[in-house]
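Printed here is query.cif (mmCIF, C-alpha atoms):
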data_upload
#
loop_
_atom_site.group_PDB
_atom_site.id
_atom_site.type_symbol
_atom_site.label_atom_id
_atom_site.label_comp_id
_atom_site.auth_asym_id
_atom_site.auth_seq_id
_atom_site.Cartn_x
_atom_site.Cartn_y
_atom_site.Cartn_z
ATOM 1 C CA MET A 1 91.295 -50.718 42.975
ATOM 2 C CA ILE A 2 90.298 -47.117 42.239
ATOM 3 C CA VAL A 3 87.319 -46.479 39.971
ATOM 4 C CA VAL A 4 86.404 -43.008 38.691
ATOM 5 C CA GLN A 5 83.234 -42.240 36.763
ATOM 6 C CA GLU A 6 82.748 -38.762 35.323
ATOM 7 C CA LEU A 7 79.304 -37.824 33.982
ATOM 8 C CA ARG A 8 79.092 -34.492 32.130
ATOM 9 C CA THR A 9 75.904 -32.824 30.949
ATOM 10 C CA ARG A 10 76.341 -29.954 28.440
ATOM 11 C CA TRP A 11 73.732 -27.489 27.190
ATOM 12 C CA THR A 12 73.056 -23.975 25.894
ATOM 13 C CA LYS A 13 70.217 -21.536 26.473
ATOM 14 C CA LEU A 14 68.093 -23.723 24.175
ATOM 15 C CA SER A 15 67.754 -26.214 27.043
ATOM 16 C CA ARG A 16 67.268 -23.768 29.901
ATOM 17 C CA GLY A 17 63.466 -23.997 29.715
ATOM 18 C CA ALA A 18 60.874 -26.690 29.053
ATOM 19 C CA PRO A 19 60.676 -29.134 27.358
ATOM 20 C CA ALA A 20 64.442 -29.563 26.790
ATOM 21 C CA ALA A 21 65.243 -28.759 30.426
ATOM 22 C CA SER A 22 63.181 -31.786 31.454
ATOM 23 C CA LEU A 23 65.428 -34.047 29.366
ATOM 24 C CA ARG A 24 68.535 -32.353 30.743
ATOM 25 C CA ASN A 25 67.387 -32.716 34.330
ATOM 26 C CA ARG A 26 66.847 -36.467 33.887
ATOM 27 C CA THR A 27 70.511 -37.221 33.290
ATOM 28 C CA PRO A 28 71.683 -39.682 35.974
ATOM 29 C CA ARG A 29 74.187 -39.131 38.756
ATOM 30 C CA ALA A 30 75.534 -42.671 38.411
ATOM 31 C CA LEU A 31 75.696 -45.362 35.747
ATOM 32 C CA ARG A 32 76.654 -48.995 35.514
ATOM 33 C CA LEU A 33 80.323 -49.369 34.620
ATOM 34 C CA PRO A 34 81.316 -51.132 31.407
ATOM 35 C CA VAL A 35 81.672 -54.869 31.890
ATOM 36 C CA ARG A 36 85.072 -55.131 30.229
ATOM 37 C CA HIS A 37 87.764 -54.885 32.823
ATOM 38 C CA VAL A 38 91.002 -56.646 33.619
ATOM 39 C CA GLN A 39 91.106 -57.519 37.310
ATOM 40 C CA SER A 40 94.892 -57.110 37.417
ATOM 41 C CA GLN A 41 94.602 -53.374 36.742
ATOM 42 C CA ASN A 42 94.469 -51.167 39.823
ATOM 43 C CA SER A 43 92.354 -48.338 38.376
ATOM 44 C CA PHE A 44 89.562 -47.661 35.915
ATOM 45 C CA PHE A 45 88.208 -44.427 34.397
ATOM 46 C CA HIS A 46 84.763 -44.058 32.806
ATOM 47 C CA ARG A 47 83.652 -40.768 31.175
ATOM 48 C CA VAL A 48 80.141 -40.307 29.755
ATOM 49 C CA VAL A 49 78.781 -37.125 28.160
ATOM 50 C CA PHE A 50 75.124 -36.114 27.870
ATOM 51 C CA ALA A 51 75.022 -33.316 25.267
ATOM 52 C CA GLU A 52 72.192 -31.106 24.132
ATOM 53 C CA GLU A 53 72.998 -31.754 20.461
ATOM 54 C CA ALA A 54 72.530 -35.502 21.065
ATOM 55 C CA ALA A 55 69.192 -35.034 22.913
ATOM 56 C CA PHE A 56 71.041 -35.829 26.179
ATOM 57 C CA GLU A 57 71.565 -39.457 25.193
ATOM 58 C CA PRO A 58 74.640 -40.937 26.928
ATOM 59 C CA ARG A 59 77.845 -41.099 24.880
ATOM 60 C CA VAL A 60 80.809 -42.963 26.344
ATOM 61 C CA LYS A 61 83.882 -40.844 25.692
ATOM 62 C CA GLU A 62 86.404 -42.853 27.636
ATOM 63 C CA ALA A 63 86.465 -46.199 29.394
ATOM 64 C CA ASP A 64 89.946 -47.317 30.175
ATOM 65 C CA PHE A 65 92.652 -47.569 32.793
ATOM 66 C CA PHE A 66 94.537 -44.695 34.370
ATOM 67 C CA ALA A 67 97.429 -44.859 36.768
ATOM 68 C CA ASN A 68 98.766 -41.434 37.727
ATOM 69 C CA ALA A 69 99.982 -40.704 41.239
ATOM 70 C CA LYS A 70 98.138 -37.376 41.152
ATOM 71 C CA ARG A 71 95.241 -36.669 38.781
ATOM 72 C CA GLU A 72 92.929 -33.683 38.367
ATOM 73 C CA LEU A 73 89.839 -33.931 36.203
ATOM 74 C CA ALA A 74 86.786 -31.695 35.951
ATOM 75 C CA GLY A 75 87.750 -29.860 39.106
ATOM 76 C CA VAL A 76 88.590 -32.967 41.140
ATOM 77 C CA GLU A 77 92.039 -33.809 42.390
ATOM 78 C CA ILE A 78 92.649 -37.468 43.231
ATOM 79 C CA ARG A 79 95.675 -38.457 45.307
ATOM 80 C CA SER A 80 96.117 -42.188 44.845
ATOM 81 C CA ASP A 81 99.747 -42.201 45.991
ATOM 82 C CA VAL A 82 98.662 -42.129 49.641
ATOM 83 C CA SER A 83 96.456 -44.319 51.777
ATOM 84 C CA PRO A 84 93.615 -43.740 52.254
ATOM 85 C CA LEU A 85 92.787 -42.227 48.863
ATOM 86 C CA LEU A 86 92.383 -38.432 49.065
ATOM 87 C CA VAL A 87 90.017 -36.386 46.882
ATOM 88 C CA THR A 88 89.474 -32.626 46.737
ATOM 89 C CA PHE A 89 87.356 -30.239 44.674
ATOM 90 C CA VAL A 90 89.802 -27.834 43.003
ATOM 91 C CA TRP A 91 88.145 -24.995 41.104
ATOM 92 C CA SER A 92 89.711 -23.945 37.811
ATOM 93 C CA HIS A 93 88.307 -21.705 35.131
ATOM 94 C CA PHE A 94 89.059 -24.185 32.364
ATOM 95 C CA GLY A 95 87.718 -27.276 34.124
ATOM 96 C CA CYS A 96 84.814 -25.835 36.107
ATOM 97 C CA GLY A 97 83.793 -22.586 34.422
ATOM 98 C CA ALA A 98 82.288 -19.525 36.048
ATOM 99 C CA PRO A 99 81.537 -18.516 38.694
ATOM 100 C CA GLU A 100 84.686 -18.893 40.757
ATOM 101 C CA ARG A 101 84.335 -21.015 43.908
ATOM 102 C CA PRO A 102 86.652 -21.875 46.791
ATOM 103 C CA HIS A 103 88.434 -25.206 46.774
ATOM 104 C CA GLY A 104 86.754 -27.904 48.830
ATOM 105 C CA GLN A 105 87.848 -29.810 51.886
ATOM 106 C CA ARG A 106 90.083 -32.826 51.341
ATOM 107 C CA ALA A 107 88.229 -36.096 51.907
ATOM 108 C CA SER A 108 89.501 -39.626 52.541
ATOM 109 C CA ILE A 109 87.977 -42.657 50.853
ATOM 110 C CA LEU A 110 88.595 -46.045 52.423
ATOM 111 C CA SER A 111 88.299 -49.451 50.787
ATOM 112 C CA GLY A 112 84.642 -50.300 50.177
ATOM 113 C CA GLU A 113 83.573 -46.630 50.168
ATOM 114 C CA TRP A 114 82.698 -44.206 47.402
ATOM 115 C CA CYS A 115 82.114 -40.494 47.148
ATOM 116 C CA GLN A 116 80.236 -38.252 44.752
ATOM 117 C CA ILE A 117 81.378 -34.750 43.807
ATOM 118 C CA LEU A 118 78.900 -32.396 42.114
ATOM 119 C CA GLN A 119 79.895 -29.200 40.319
ATOM 120 C CA ASN A 120 78.712 -27.025 37.449
ATOM 121 C CA GLY A 121 79.832 -24.052 35.413
ATOM 122 C CA ARG A 122 79.225 -21.509 32.693
ATOM 123 C CA PHE A 123 81.596 -21.238 29.714
ATOM 124 C CA GLY A 124 82.088 -19.018 26.652
ATOM 125 C CA TYR A 125 82.819 -15.385 27.379
ATOM 126 C CA ASP A 126 83.540 -14.558 23.725
ATOM 127 C CA ARG A 127 80.485 -16.363 22.338
ATOM 128 C CA GLU A 128 77.077 -17.557 23.501
ATOM 129 C CA TRP A 129 77.061 -19.092 26.978
ATOM 130 C CA ALA A 130 77.286 -22.851 27.337
ATOM 131 C CA TYR A 131 76.690 -24.702 30.596
ATOM 132 C CA GLN A 132 77.999 -27.898 32.097
ATOM 133 C CA SER A 133 77.039 -30.006 35.088
ATOM 134 C CA THR A 134 79.533 -32.648 36.217
ATOM 135 C CA VAL A 135 79.202 -35.587 38.584
ATOM 136 C CA VAL A 136 82.377 -37.416 39.578
ATOM 137 C CA ASN A 137 81.945 -40.738 41.373
ATOM 138 C CA ILE A 138 85.058 -42.225 42.981
ATOM 139 C CA ALA A 139 85.212 -45.679 44.586
ATOM 140 C CA VAL A 140 87.875 -47.760 46.254
ATOM 141 C CA MET A 141 86.982 -51.402 45.659
ATOM 142 C CA ILE A 142 88.496 -54.736 46.595
ATOM 143 C CA ASP A 143 86.703 -56.681 43.833
ATOM 144 C CA TRP A 144 85.407 -55.407 40.485
ATOM 145 C CA ASN A 145 81.736 -54.456 40.721
ATOM 146 C CA PRO A 146 80.198 -52.707 37.683
ATOM 147 C CA GLU A 147 77.192 -51.751 39.856
ATOM 148 C CA VAL A 148 79.275 -50.061 42.573
ATOM 149 C CA PHE A 149 77.645 -46.627 42.097
ATOM 150 C CA LEU A 150 74.115 -48.033 41.845
ATOM 151 C CA THR A 151 73.825 -50.478 44.747
ATOM 152 C CA SER A 152 74.406 -48.116 47.670
ATOM 153 C CA PRO A 153 74.366 -44.385 48.356
ATOM 154 C CA PRO A 154 77.708 -42.561 48.380
ATOM 155 C CA THR A 155 79.604 -42.587 51.667
ATOM 156 C CA LEU A 156 80.226 -38.882 51.117
ATOM 157 C CA THR A 157 78.705 -36.260 48.799
ATOM 158 C CA MET A 158 80.485 -32.969 48.117
ATOM 159 C CA ASP A 159 78.297 -30.367 46.411
ATOM 160 C CA HIS A 160 80.144 -27.492 44.742
ATOM 161 C CA ARG A 161 77.392 -26.361 42.391
ATOM 162 C CA ALA A 162 76.800 -22.642 41.926
ATOM 163 C CA GLU A 163 73.855 -20.672 40.606
ATOM 164 C CA LEU A 164 74.385 -20.331 36.859
ATOM 165 C CA LEU A 165 72.975 -17.083 35.537
#

I'd like the structure from this file rewritten - as structure tokens, please.
Amino acid sequence: MIVVQELRTRWTKLSRGAPAASLRNRTPRALRLPVRHVQSQNSFFHRVVFAEEAAFEPRVKEADFFANAKRELAGVEIRSDVSPLLVTFVWSHFGCGAPERPHGQRASILSGEWCQILQNGRFGYDREWAYQSTVVNIAVMIDWNPEVFLTSPPTLTMDHRAELL
């Protein structure tokens, strides 16, 4: 079973300094997965957004199943049509924002392992800058475990964050 958790934190220049930056910097890198799940499904996707306009309180945007052979989200490509599962950071202007970065190395995730991919970006060339930090947690599990990202450190961490000016 493949489980993907995407945590996005969004802010503007209003949260670049204290005290709002303190709230922004406290957003977690992993959360408990929703309890509802059908064991017969072979994949699960969980997206949570922490937005400045909501005082960085978590808002679940999506918690459901996905089953694509190849999926890219927030700069992460997941190849579930091969074994072991392959993941890669793939920079795109739309998904990752500025500045441009090279694509990452392809990584394999075996059953019982999970990886964490960190990336950030700056958006909004024709208006005031907005910023986004994204954490993507990806696990390959045998049995459903809503605590998978909280009970052990990631097997692999890929950090593709850039300095945001």

Subject >> Spatial neighbours of stretch 12-23 of chain A, 10 Å, all atoms listed in the file, chain gap at least 2 places, as a VMD selection string >> reply: chain A and resid 10 25 to 27 51 to 53 55 to 57 122 to 123 128 to 132

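Here the PyMOL selection byres ((chain A and resi 94) around 12) catches exactly these residues: A:Glu72, A:Leu73, A:Ala74, A:Gly75, A:Val90, A:Trp91, A:Ser92, A:His93, A:Gly95, A:Cys96, A:Gly97, A:Ala98, A:Pro99, A:Glu100, A:Asn120, A:Gly121, A:Arg122, A:Phe123, A:Gly124, A:Tyr125, A:Gln132.
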
Original post:
Out of A:Asp64, A:Ala139, A:Ile78, A:Leu164, which residue has the shortest atom-to-atom distance to A:Gln119 when counting only C-alpha atoms?
Top reply: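 Closest to A:Gln119, using only C-alpha atoms: A:Leu164.
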
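The spacing separating atom CA of A:Gly112 from atom CA of A:Arg8 amounts to 24.6 Å.
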
**OP:** Rank A:Ser133, A:Thr88, A:Asn145, A:Ser83 by their smallest atom-to-atom distance to A:Arg24, using all atoms listed in the file, and report the top residue only.
**Re:** A:Ser133

Original post:
What residues come out when you apply the PyMOL selection byres ((chain A and resi 84) around 8) to this file, written as a PyMOL selection string?
Top reply: chain A and resi 80+82-83+85-86+108-111

Subject >> Selection: 9 Å around A:Gln105, all atoms listed in the file, excl. self and same-chain fewer than 4 positions, as a PyMOL selection string >> reply: chain A and resi 87-89+158

Subject >> Residues returned when the PyMOL selection byres ((chain A and resi 142) around 8) runs on this file, as an MDAnalysis selection string >> reply: chainID A and resid 1 111:112 140:141 143:144

**OP:** Counting all atoms listed in the file, figure out which residue out of A:Ile2, A:Arg101, A:Arg79, A:Ala30 gets nearest to A:Pro154.
**Re:** A:Ala30

Given 5 Å on each side, where is the centre and what are the edge lengths in Å to one decimal of the axis-aligned box enclosing the listed atoms of stretch 13-25 of chain A, as AutoDock Vina command-line options?
--center_x 65.4 --center_y -27.8 --center_z 29.3 --size_x 19.5 --size_y 22.5 --size_z 20.2

Original post:
What is the distance, in Å and to one decimal place, between atom CA of A:Gln41 and atom CA of A:Val135?
Top reply: 23.6 Å

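A straight line drawn from atom CA of A:Pro28 to atom CA of A:Leu165 is 22.6 Å long.
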
**OP:** Show which residues sit within 10 Å of A:Pro153, as number ranges by chain. Count only C-alpha atoms, and ignore same-chain residues fewer than 5 positions away.
**Re:** A: 113-116, 148

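Considering only C-alpha atoms, the residue among A:Glu62, A:Phe44, A:Thr157, A:Ala162 positioned nearest to A:Ala107 is A:Thr157.
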
**OP:** Choose the residue, out of A:Asp81, A:Asn42, A:Ile117, A:Phe50, that has the smallest atom-to-atom separation from A:Asp159; count all atoms listed in the file.
**Re:**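 Residue with the minimum atom-to-atom distance to A:Asp159: A:Ile117.
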
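At a cut-off of 9 Å from (79.5, -53.9, 37.5), the residue set is Arg32, Leu33, Pro34, Val35, Trp144, Asn145, Pro146, Glu147, Val148 and Phe149 of chain A (counting only C-alpha atoms).
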
Original post:
With all atoms listed in the file as the basis for distance, which of A:Gln5, A:Arg106, A:Trp11, A:Leu150 is at the shortest distance from A:Glu77?
Top reply: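 For A:Glu77, the nearest of the candidates is A:Arg106.
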